[in-house]
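To keep things clear, I will list the structure first and then write my remarks on it.
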There are 2 protein chains.
Amino acid sequence: MIKTPYLLFLGDAPDQLAAKVAIGIKDWRPENAVAQLRMDGCGADLGIVEMTLSEAKAAGAKTLVIGVANRGGIISDAWKVVLKEALGMGYDLASGLHNLLRDEADLAEIAAANFCTLHDVRVPSVEYPIANGKKRTGKRCLTVGTDCSVGKMYTAMAMDTEMNKRGMKSTFRATGQTGILITGGGVPLDAVIADFMAGSVEYLTPSNDEDHWDHIEGQGSLFHVSYSGVTLALVHGGQPDALILGHEPTRAHMRGLPEYQQPSLETLRDTALALARVGNPACQVVGISVNTQHMSHDAAVAYLTKVEDRMGLPTVDPIRIGAGRLVDALAAI
Amino acid sequence: MIKTPYLLFLGDAPDQLAAKVAIGIKDWRPENAVAQLRMDGCGADLGIVEMTLSEAKAAGAKTLVIGVANRGGIISDAWKVVLKEALGMGYDLASGLHNLLRDEADLAEIAAANFCTLHDVRVPSVEYPIANGKKRTGKRCLTVGTDCSVGKMYTAMAMDTEMNKRGMKSTFRATGQTGILITGGGVPLDAVIADFMAGSVEYLTPSNDEDHWDHIEGQGSLFHVSYSGVTLALVHGGQPDALILGHEPTRAHMRGLPEYQQPSLETLRDTALALARVGNPACQVVGISVNTQHMSHDAAVAYLTKVEDRMGLPTVDPIRIGAGRLVDALAAI
């Protein structure tokens, strides 16, 4: 686990989009974000208090999190000046970049000398077991999408947040770099060796109280030919009691695959449910989460109503409308 | 690619079962097997000529293949005496053991000094791309099973052999250690990083002549919760034009999963075909391959007839009966 709270390093991020990781932390774990640290020319701004390394240290920050996904994923010399100073002051560092912190000899050396930990969340730090398929106690919910990047993580986060508000037992289970940095732990599923994918998901979502919900972060799509195997490992390793269908209605084609179209929600429902019932015969599809960020409010509301009428399932945009009705559906299981 | 032909090292294999890799090579690529080399107390025998290292060298052998899957996968000191002598004589070594040849400092040193290659086929040697899903030319056949270890590799090998006999253009594409050692190349799919699984299958089965068939070695099962993700990567990365259903009728439960039952052939057919058509809308299920090794001949023939009547598809045991009717079905596409 990564030590919280964090100081969020935005570096010289060219724009707001590049600060996706930091924005996720600020949105979903504001209590983890002591402050932001920006370099000259930084084009991103979280709208939270700005602090120097020493100010944030005094305010309790334990880890400097690289909250930027820059092109190429490189740790620049300009960044290193800040990172080295942070290590010298006793900060741990955490990063989801392809360029691993541990592979930078100078950072590794200063970290060792200062007893600081370098967290490279892009690579697994655990030897996961092979999945055994044994029934686990507690409840699990997984969002499966018609495509990649349709808001599966945000849906899981929103349901977890809503359950916590209601005093229900609930944990968000991160399976990607951003989710791991937001919550401080999880499995970087896309970097796990094929044979151990489902086992890593079992490891991530162990037996729990009967009334506890794991909200497992989805990945890929059963219909995205580049990543579908990762998704099926989640469906079988996660043993979900409930599936949420995730959709983004404005896509012209599957993400990164111009020759492929998204399946209908009906096809996704039937395919995912049949596969999920191999691992958990009691699994149900309980709701639909639509990412309407590229639609006007009126168009979004009309779309949600139309889908809900057609599919007969509570249909929301958890960001625009809230995840309350999805949580109602889960609570009724 | 591993240099052929081979000298097959059986070491001190306790019994015939432990020599599975060597038996596969002898059965499917007898022209690759110059001879066998056995140590004192070896309980396995391929029934082929026995040679010393120097005799086999004189007969043209290029690579000493460890044809034994011993418990724990360890390279013993007794084996090393032989392996070092082989390297000294200029043999390459090839192994599918967990204990990698390259991790043995003494072997690595002698190999380097003699310009010999150590092939550890259990780990990938290529940086595979992410799958792009683009339509490739040529035809591909994949066997999908109701369970793991139902004879998918033997089915693919048998169809490839039959096509070669008929003068058709055909290649067996190995996706597991045994298949790679048998043919000298392939992708060790279970050891590939999750994000690159489907891409590695695309890499393995590139565009080819329109009348060329790739016979892709299957892995796992869409219904085996430990490995289903690997199977779906084959279904989507392989872009099969034809699926063969594989089944072993005497299993009490899914391999290694006492709580799980094999699906019916009908369920496998419908599930696999729907998923395969995401990647190749023209995909068809063309035949059934049943592993009847644990049945009497009469019971096997009766079972094959019953399944063929029920499913309306050519149904054979490719080892007992031959793969001719499966190849007929592929040729008709």
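By convention in this document, the chains of the structure tokens carry letters A, B, ... by their order, each chain's residues are numbered from 1, and ligands are numbered from 1 in the order they are shown.
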**Asked** Near region 109-123 of chain B, counting only C-alpha atoms, which residues have an atom at most 8 Å away, once you skip same-chain residues fewer than 6 positions from it, shown as a ChimeraX atom specification?
**Response** /B:2,84,87-88,90-98,100-102,176-177,180-181,188,191-192
**Non-local contacts of Thr315 (chain B) (6 Å; only C-alpha atoms; under 6 positions in same chain excluded) as a PyMOL selection string** = chain B and resi 287-289+304+308
Keeping N, CA and C atoms for every residue in the selection just given, could you write it to a file as an mmCIF file, in the first residue's frame?
data_model
loop_
_atom_site.group_PDB
_atom_site.id
_atom_site.type_symbol
_atom_site.label_atom_id
_atom_site.label_comp_id
_atom_site.auth_asym_id
_atom_site.auth_seq_id
_atom_site.Cartn_x
_atom_site.Cartn_y
_atom_site.Cartn_z
ATOM 1 N N GLY B 287 -16.513 -28.706 -36.901
ATOM 2 C CA GLY B 287 -16.345 -30.100 -36.510
ATOM 3 C C GLY B 287 -16.077 -30.249 -35.031
ATOM 4 N N ILE B 288 -16.028 -31.499 -34.601
ATOM 5 C CA ILE B 288 -15.827 -31.810 -33.187
ATOM 6 C C ILE B 288 -14.716 -32.838 -33.058
ATOM 7 N N SER B 289 -13.816 -32.585 -32.103
ATOM 8 C CA SER B 289 -12.709 -33.495 -31.843
ATOM 9 C C SER B 289 -12.861 -34.032 -30.426
ATOM 10 N N LEU B 304 -18.854 -41.239 -30.555
ATOM 11 C CA LEU B 304 -18.631 -40.320 -31.681
ATOM 12 C C LEU B 304 -19.875 -40.253 -32.572
ATOM 13 N N GLU B 308 -22.167 -36.966 -33.197
ATOM 14 C CA GLU B 308 -22.315 -36.476 -34.574
ATOM 15 C C GLU B 308 -23.793 -36.334 -34.943
#
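In this structure, CA of Asp317 (chain B) sits 22.4 Å away from CA of Val235 (chain B).
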Counting only C-alpha atoms, which residues of region 92-151 of chain A sit at most 10 Å from some atom of region 263-275 of chain A, and what is each one's closest atom pair with its distance in Å to one decimal, listed by chain and rising residue number, as JSON lines?
{"residue": "A:Val144", "atom": "CA", "partner": "A:Ala272", "partner_atom": "CA", "distance": 7.5}
{"residue": "A:Gly145", "atom": "CA", "partner": "A:Leu268", "partner_atom": "CA", "distance": 7.6}
{"residue": "A:Thr146", "atom": "CA", "partner": "A:Pro263", "partner_atom": "CA", "distance": 5.9}
{"residue": "A:Asp147", "atom": "CA", "partner": "A:Pro263", "partner_atom": "CA", "distance": 8.3}
May I have the selected residues written with all heavy atoms, as a PDB file, in the first residue's frame?
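again_22.pdb, freshly written:
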ATOM      1  N   VAL A 144     -19.039  -4.001 -16.766  1.00  0.00           N
ATOM      2  CA  VAL A 144     -18.502  -4.464 -18.051  1.00  0.00           C
ATOM      3  C   VAL A 144     -18.989  -3.498 -19.120  1.00  0.00           C
ATOM      4  O   VAL A 144     -20.137  -3.056 -19.102  1.00  0.00           O
ATOM      5  CB  VAL A 144     -18.955  -5.902 -18.378  1.00  0.00           C
ATOM      6  CG1 VAL A 144     -18.287  -6.907 -17.448  1.00  0.00           C
ATOM      7  CG2 VAL A 144     -20.458  -6.048 -18.310  1.00  0.00           C
ATOM      8  N   GLY A 145     -18.117  -3.165 -20.050  1.00  0.00           N
ATOM      9  CA  GLY A 145     -18.440  -2.106 -20.999  1.00  0.00           C
ATOM     10  C   GLY A 145     -18.674  -2.608 -22.415  1.00  0.00           C
ATOM     11  O   GLY A 145     -18.192  -3.660 -22.804  1.00  0.00           O
ATOM     12  N   THR A 146     -19.406  -1.798 -23.185  1.00  0.00           N
ATOM     13  CA  THR A 146     -19.510  -2.063 -24.621  1.00  0.00           C
ATOM     14  C   THR A 146     -18.183  -1.753 -25.315  1.00  0.00           C
ATOM     15  O   THR A 146     -17.962  -2.164 -26.448  1.00  0.00           O
ATOM     16  CB  THR A 146     -20.605  -1.200 -25.270  1.00  0.00           C
ATOM     17  OG1 THR A 146     -20.365   0.178 -24.935  1.00  0.00           O
ATOM     18  CG2 THR A 146     -21.989  -1.608 -24.780  1.00  0.00           C
ATOM     19  N   ASP A 147     -17.288  -1.055 -24.606  1.00  0.00           N
ATOM     20  CA  ASP A 147     -16.018  -0.623 -25.187  1.00  0.00           C
ATOM     21  C   ASP A 147     -15.059  -0.321 -24.033  1.00  0.00           C
ATOM     22  O   ASP A 147     -15.460  -0.312 -22.863  1.00  0.00           O
ATOM     23  CB  ASP A 147     -16.251   0.646 -26.039  1.00  0.00           C
ATOM     24  CG  ASP A 147     -15.076   0.983 -26.973  1.00  0.00           C
ATOM     25  OD1 ASP A 147     -14.044   0.290 -26.916  1.00  0.00           O
ATOM     26  OD2 ASP A 147     -15.224   1.943 -27.751  1.00  0.00           O
TER      27      ASP A 147
END
**Message:** Residues of chain B within 6 Å of chain A, counting only C-alpha atoms - could you list those as a list in words?
**Reply:** Ala131, Asp190, Ala191, Val192, Ile193, Ala194, Asp195, Ala198, Val225, Ser226, Gly229, Val230, Leu232, Ala233 and His236 of chain B
Take the selection from the previous step and output its residues with N, CA and C atoms, as a PDB file, in the first residue's frame.
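New file part04.pdb:
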ATOM      1  N   ALA B 131      -2.798  -5.939 -29.928  1.00  0.00           N
ATOM      2  CA  ALA B 131      -3.563  -6.384 -31.103  1.00  0.00           C
ATOM      3  C   ALA B 131      -4.248  -5.197 -31.776  1.00  0.00           C
ATOM      4  N   ASP B 190       0.812 -18.471 -22.222  1.00  0.00           N
ATOM      5  CA  ASP B 190       0.470 -18.344 -20.801  1.00  0.00           C
ATOM      6  C   ASP B 190       1.476 -17.483 -20.039  1.00  0.00           C
ATOM      7  N   ALA B 191       2.611 -17.177 -20.668  1.00  0.00           N
ATOM      8  CA  ALA B 191       3.622 -16.354 -20.010  1.00  0.00           C
ATOM      9  C   ALA B 191       3.672 -14.932 -20.560  1.00  0.00           C
ATOM     10  N   VAL B 192       2.753 -14.610 -21.465  1.00  0.00           N
ATOM     11  CA  VAL B 192       2.735 -13.268 -22.059  1.00  0.00           C
ATOM     12  C   VAL B 192       1.993 -12.308 -21.117  1.00  0.00           C
ATOM     13  N   ILE B 193       2.436 -11.048 -21.088  1.00  0.00           N
ATOM     14  CA  ILE B 193       1.787 -10.012 -20.284  1.00  0.00           C
ATOM     15  C   ILE B 193       0.364  -9.770 -20.819  1.00  0.00           C
ATOM     16  N   ALA B 194      -0.590  -9.624 -19.884  1.00  0.00           N
ATOM     17  CA  ALA B 194      -2.012  -9.554 -20.213  1.00  0.00           C
ATOM     18  C   ALA B 194      -2.320  -8.672 -21.426  1.00  0.00           C
ATOM     19  N   ASP B 195      -1.818  -7.455 -21.441  1.00  0.00           N
ATOM     20  CA  ASP B 195      -2.163  -6.492 -22.486  1.00  0.00           C
ATOM     21  C   ASP B 195      -1.721  -6.927 -23.884  1.00  0.00           C
ATOM     22  N   ALA B 198      -3.489 -10.946 -27.048  1.00  0.00           N
ATOM     23  CA  ALA B 198      -4.116 -11.022 -28.370  1.00  0.00           C
ATOM     24  C   ALA B 198      -3.124 -10.576 -29.453  1.00  0.00           C
ATOM     25  N   VAL B 225     -12.384 -21.136 -15.327  1.00  0.00           N
ATOM     26  CA  VAL B 225     -12.249 -19.797 -14.746  1.00  0.00           C
ATOM     27  C   VAL B 225     -10.800 -19.402 -14.477  1.00  0.00           C
ATOM     28  N   SER B 226      -9.887 -20.357 -14.390  1.00  0.00           N
ATOM     29  CA  SER B 226      -8.488 -19.987 -14.142  1.00  0.00           C
ATOM     30  C   SER B 226      -7.812 -19.418 -15.386  1.00  0.00           C
ATOM     31  N   GLY B 229      -9.330 -16.185 -19.793  1.00  0.00           N
ATOM     32  CA  GLY B 229      -8.854 -14.967 -20.443  1.00  0.00           C
ATOM     33  C   GLY B 229      -7.835 -15.272 -21.532  1.00  0.00           C
ATOM     34  N   VAL B 230      -7.006 -16.269 -21.286  1.00  0.00           N
ATOM     35  CA  VAL B 230      -6.014 -16.677 -22.282  1.00  0.00           C
ATOM     36  C   VAL B 230      -6.742 -17.218 -23.518  1.00  0.00           C
ATOM     37  N   LEU B 232      -9.802 -16.484 -24.562  1.00  0.00           N
ATOM     38  CA  LEU B 232     -10.481 -15.434 -25.324  1.00  0.00           C
ATOM     39  C   LEU B 232      -9.480 -14.621 -26.148  1.00  0.00           C
ATOM     40  N   ALA B 233      -8.263 -14.464 -25.630  1.00  0.00           N
ATOM     41  CA  ALA B 233      -7.228 -13.781 -26.417  1.00  0.00           C
ATOM     42  C   ALA B 233      -6.913 -14.566 -27.694  1.00  0.00           C
ATOM     43  N   HIS B 236      -9.941 -14.002 -30.118  1.00  0.00           N
ATOM     44  CA  HIS B 236      -9.964 -12.682 -30.754  1.00  0.00           C
ATOM     45  C   HIS B 236      -8.672 -12.372 -31.505  1.00  0.00           C
TER      46      HIS B 236
END
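Running DSSP on the backbone and keeping only helix (DSSP H, G or I), the residues of region 33-83 of chain A that qualify are Leu53, Ser54, Glu55, Ala56, Lys57, Ala58, Arg71, Gly72, Gly73, Asp77, Ala78, Trp79, Lys80, Val81, Val82 and Leu83 of chain A.
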May I have the selected residues written with N, CA and C atoms, as a PDB file, in the first residue's frame?
ATOM      1  N   LEU A  53       7.348  21.561  -1.307  1.00  0.00           N
ATOM      2  CA  LEU A  53       7.612  20.259  -0.687  1.00  0.00           C
ATOM      3  C   LEU A  53       7.627  20.374   0.836  1.00  0.00           C
ATOM      4  N   SER A  54       8.276  21.418   1.342  1.00  0.00           N
ATOM      5  CA  SER A  54       8.393  21.487   2.800  1.00  0.00           C
ATOM      6  C   SER A  54       7.072  21.886   3.454  1.00  0.00           C
ATOM      7  N   GLU A  55       6.305  22.747   2.805  1.00  0.00           N
ATOM      8  CA  GLU A  55       4.983  23.091   3.349  1.00  0.00           C
ATOM      9  C   GLU A  55       4.087  21.851   3.430  1.00  0.00           C
ATOM     10  N   ALA A  56       4.082  21.055   2.336  1.00  0.00           N
ATOM     11  CA  ALA A  56       3.227  19.867   2.309  1.00  0.00           C
ATOM     12  C   ALA A  56       3.698  18.839   3.335  1.00  0.00           C
ATOM     13  N   LYS A  57       5.001  18.732   3.474  1.00  0.00           N
ATOM     14  CA  LYS A  57       5.573  17.811   4.470  1.00  0.00           C
ATOM     15  C   LYS A  57       5.060  18.202   5.858  1.00  0.00           C
ATOM     16  N   ALA A  58       5.118  19.493   6.138  1.00  0.00           N
ATOM     17  CA  ALA A  58       4.650  19.978   7.442  1.00  0.00           C
ATOM     18  C   ALA A  58       3.153  19.726   7.614  1.00  0.00           C
ATOM     19  N   ARG A  71       3.169  12.201 -22.460  1.00  0.00           N
ATOM     20  CA  ARG A  71       3.371  11.412 -23.676  1.00  0.00           C
ATOM     21  C   ARG A  71       4.725  10.733 -23.624  1.00  0.00           C
ATOM     22  N   GLY A  72       4.732   9.421 -23.841  1.00  0.00           N
ATOM     23  CA  GLY A  72       5.991   8.689 -23.766  1.00  0.00           C
ATOM     24  C   GLY A  72       6.285   8.193 -22.362  1.00  0.00           C
ATOM     25  N   GLY A  73       5.646   8.808 -21.370  1.00  0.00           N
ATOM     26  CA  GLY A  73       5.801   8.342 -19.996  1.00  0.00           C
ATOM     27  C   GLY A  73       7.209   8.486 -19.443  1.00  0.00           C
ATOM     28  N   ASP A  77      14.607  15.303 -16.813  1.00  0.00           N
ATOM     29  CA  ASP A  77      15.610  15.841 -15.892  1.00  0.00           C
ATOM     30  C   ASP A  77      15.027  16.963 -15.043  1.00  0.00           C
ATOM     31  N   ALA A  78      14.131  17.746 -15.658  1.00  0.00           N
ATOM     32  CA  ALA A  78      13.512  18.841 -14.909  1.00  0.00           C
ATOM     33  C   ALA A  78      12.684  18.273 -13.742  1.00  0.00           C
ATOM     34  N   TRP A  79      11.936  17.211 -14.010  1.00  0.00           N
ATOM     35  CA  TRP A  79      11.165  16.561 -12.944  1.00  0.00           C
ATOM     36  C   TRP A  79      12.097  16.029 -11.848  1.00  0.00           C
ATOM     37  N   LYS A  80      13.225  15.484 -12.301  1.00  0.00           N
ATOM     38  CA  LYS A  80      14.112  14.810 -11.347  1.00  0.00           C
ATOM     39  C   LYS A  80      14.622  15.744 -10.253  1.00  0.00           C
ATOM     40  N   VAL A  81      14.798  17.013 -10.623  1.00  0.00           N
ATOM     41  CA  VAL A  81      15.251  17.972  -9.616  1.00  0.00           C
ATOM     42  C   VAL A  81      14.283  17.964  -8.437  1.00  0.00           C
ATOM     43  N   VAL A  82      12.985  17.987  -8.751  1.00  0.00           N
ATOM     44  CA  VAL A  82      11.956  17.993  -7.706  1.00  0.00           C
ATOM     45  C   VAL A  82      11.897  16.645  -6.986  1.00  0.00           C
ATOM     46  N   LEU A  83      11.947  15.565  -7.759  1.00  0.00           N
ATOM     47  CA  LEU A  83      11.813  14.226  -7.174  1.00  0.00           C
ATOM     48  C   LEU A  83      12.953  13.931  -6.202  1.00  0.00           C
TER      49      LEU A  83
END
